[in-house]
Amino acid sequence: MQNAASSIRLHAWNTTDSVDRDGYFLTEKHATVDIEFQAVDLIELSNFGDGHKGIVFSLEFTGSLQLTEISWTSSVGVEGRIVGCGVSISVSPHQPAEE
């Protein structure tokens, strides 16, 4: 079986110590982080339920460009690990939708 490129997209931001009028922490510096593998050798996921989203608690990269493992734990939702080669990461500004 031929391996194909695959990617993960994360929405990241900084949480400040300021709060809005309802007491929610304000966020800033939102970004979209795209992690792409040229080829994937292994995917292991858990808590992969409806919506296929989660809140990443910790994210770890190990290995090299020849063989990289990305693993993460979750506060809510999907968590797991992906092993593959040719990893690239790009970050771009993200403007969240107004509520």
# chains A, B, ... in the order shown; residues from 1 in each chain; ligands from 1
$ select_by_dssp --residues "chain A" --states "strand (DSSP E)" --output "ChimeraX atom specification"
/A:6-19,25-37,39-46,54-63,68-77,79-85,88-93
$ residues_around --residues "His30 of chain A" --least-positions-apart "2" --cutoff "10 Å" --atoms "only C-alpha atoms" --output "PyMOL selection string"
chain A and resi 11-15+27-28+32-33+92-96
$ residues_around --residues "Ile89 of chain A" --least-positions-apart "6" --cutoff "7 Å" --atoms "only C-alpha atoms" --output "ChimeraX atom specification"
/A:34-36
$ write_last_selection --atoms "C-alpha atoms" --output "PDB file, in the first residue's frame"
ATOM      1  CA  ASP A  34      -0.681  22.826  10.190  1.00  0.00           C
ATOM      2  CA  ILE A  35       1.456  19.717  10.717  1.00  0.00           C
ATOM      3  CA  GLU A  36       1.973  17.660   7.548  1.00  0.00           C
TER       4      GLU A  36
END
$ residues_around --residues "Ser7 of chain A" --least-positions-apart "6" --cutoff "12 Å" --atoms "only C-alpha atoms" --output "list in words"
Val33, Asp34, Ile35, Glu36, Phe37, Gln38, Ala39, Val40, Ile43, Ile70, Ile82, Val83, Gly84, Cys85, Gly86, Val87, Ser88, Ile89 and Ser90 of chain A
$ write_last_selection --atoms "N, CA and C atoms" --output "short mmCIF file (atom, residue, chain, number, x, y, z; two decimals), in the first residue's frame"
data_model
loop_
_atom_site.label_atom_id
_atom_site.label_comp_id
_atom_site.auth_asym_id
_atom_site.auth_seq_id
_atom_site.Cartn_x
_atom_site.Cartn_y
_atom_site.Cartn_z
N VAL A 33 -2.12 26.14 13.13
CA VAL A 33 -0.89 25.37 13.02
C VAL A 33 -1.19 24.12 12.19
N ASP A 34 -0.52 23.99 11.06
CA ASP A 34 -0.68 22.83 10.19
C ASP A 34 0.57 21.96 10.29
N ILE A 35 0.37 20.69 10.63
CA ILE A 35 1.46 19.72 10.72
C ILE A 35 1.21 18.70 9.61
N GLU A 36 2.16 18.57 8.68
CA GLU A 36 1.97 17.66 7.55
C GLU A 36 3.06 16.60 7.52
N PHE A 37 2.64 15.37 7.26
CA PHE A 37 3.55 14.24 7.04
C PHE A 37 3.56 13.93 5.56
N GLN A 38 4.73 13.69 4.98
CA GLN A 38 4.79 13.23 3.59
C GLN A 38 4.23 11.82 3.48
N ALA A 39 4.47 11.01 4.49
CA ALA A 39 3.93 9.64 4.54
C ALA A 39 3.69 9.25 5.99
N VAL A 40 2.62 8.52 6.24
CA VAL A 40 2.25 8.08 7.58
C VAL A 40 2.41 6.58 7.68
N ILE A 43 -1.09 5.34 12.83
CA ILE A 43 -2.00 6.27 13.49
C ILE A 43 -2.70 5.50 14.60
N ILE A 70 4.52 12.14 16.58
CA ILE A 70 3.81 13.23 17.26
C ILE A 70 2.77 12.56 18.14
N ILE A 82 0.84 9.77 16.01
CA ILE A 82 1.02 9.54 14.58
C ILE A 82 2.51 9.41 14.33
N VAL A 83 2.89 8.40 13.55
CA VAL A 83 4.30 8.17 13.22
C VAL A 83 4.41 8.20 11.70
N GLY A 84 5.39 8.96 11.20
CA GLY A 84 5.59 9.04 9.76
C GLY A 84 6.89 9.75 9.44
N CYS A 85 7.04 10.14 8.17
CA CYS A 85 8.27 10.80 7.74
C CYS A 85 7.96 12.09 7.00
N GLY A 86 8.99 12.92 6.86
CA GLY A 86 8.87 14.17 6.11
C GLY A 86 7.93 15.16 6.76
N VAL A 87 8.10 15.43 8.03
CA VAL A 87 7.20 16.33 8.75
C VAL A 87 7.54 17.79 8.47
N SER A 88 6.51 18.59 8.22
CA SER A 88 6.67 20.04 8.11
C SER A 88 5.59 20.70 8.95
N ILE A 89 5.92 21.89 9.43
CA ILE A 89 4.99 22.65 10.28
C ILE A 89 4.87 24.06 9.73
N SER A 90 3.65 24.55 9.61
CA SER A 90 3.45 25.94 9.22
C SER A 90 2.46 26.59 10.18
#
$ residues_around --residues "segment 53-57 of chain A" --least-positions-apart "6" --cutoff "9 Å" --atoms "only C-alpha atoms" --output "PyMOL selection string"
chain A and resi 10+47+72-79
$ atom_distance --atom1 "atom CA of Asp20 of chain A" --atom2 "atom CA of Val91 of chain A"
27.1 Å
$ atom_distance --atom1 "atom CA of Thr68 of chain A" --atom2 "atom CA of Leu42 of chain A"
10.5 Å
$ residues_around --residues "Leu26 of chain A" --least-positions-apart "3" --cutoff "6 Å" --atoms "only C-alpha atoms" --output "list in words"
Thr16, Ser18 and Val19 of chain A
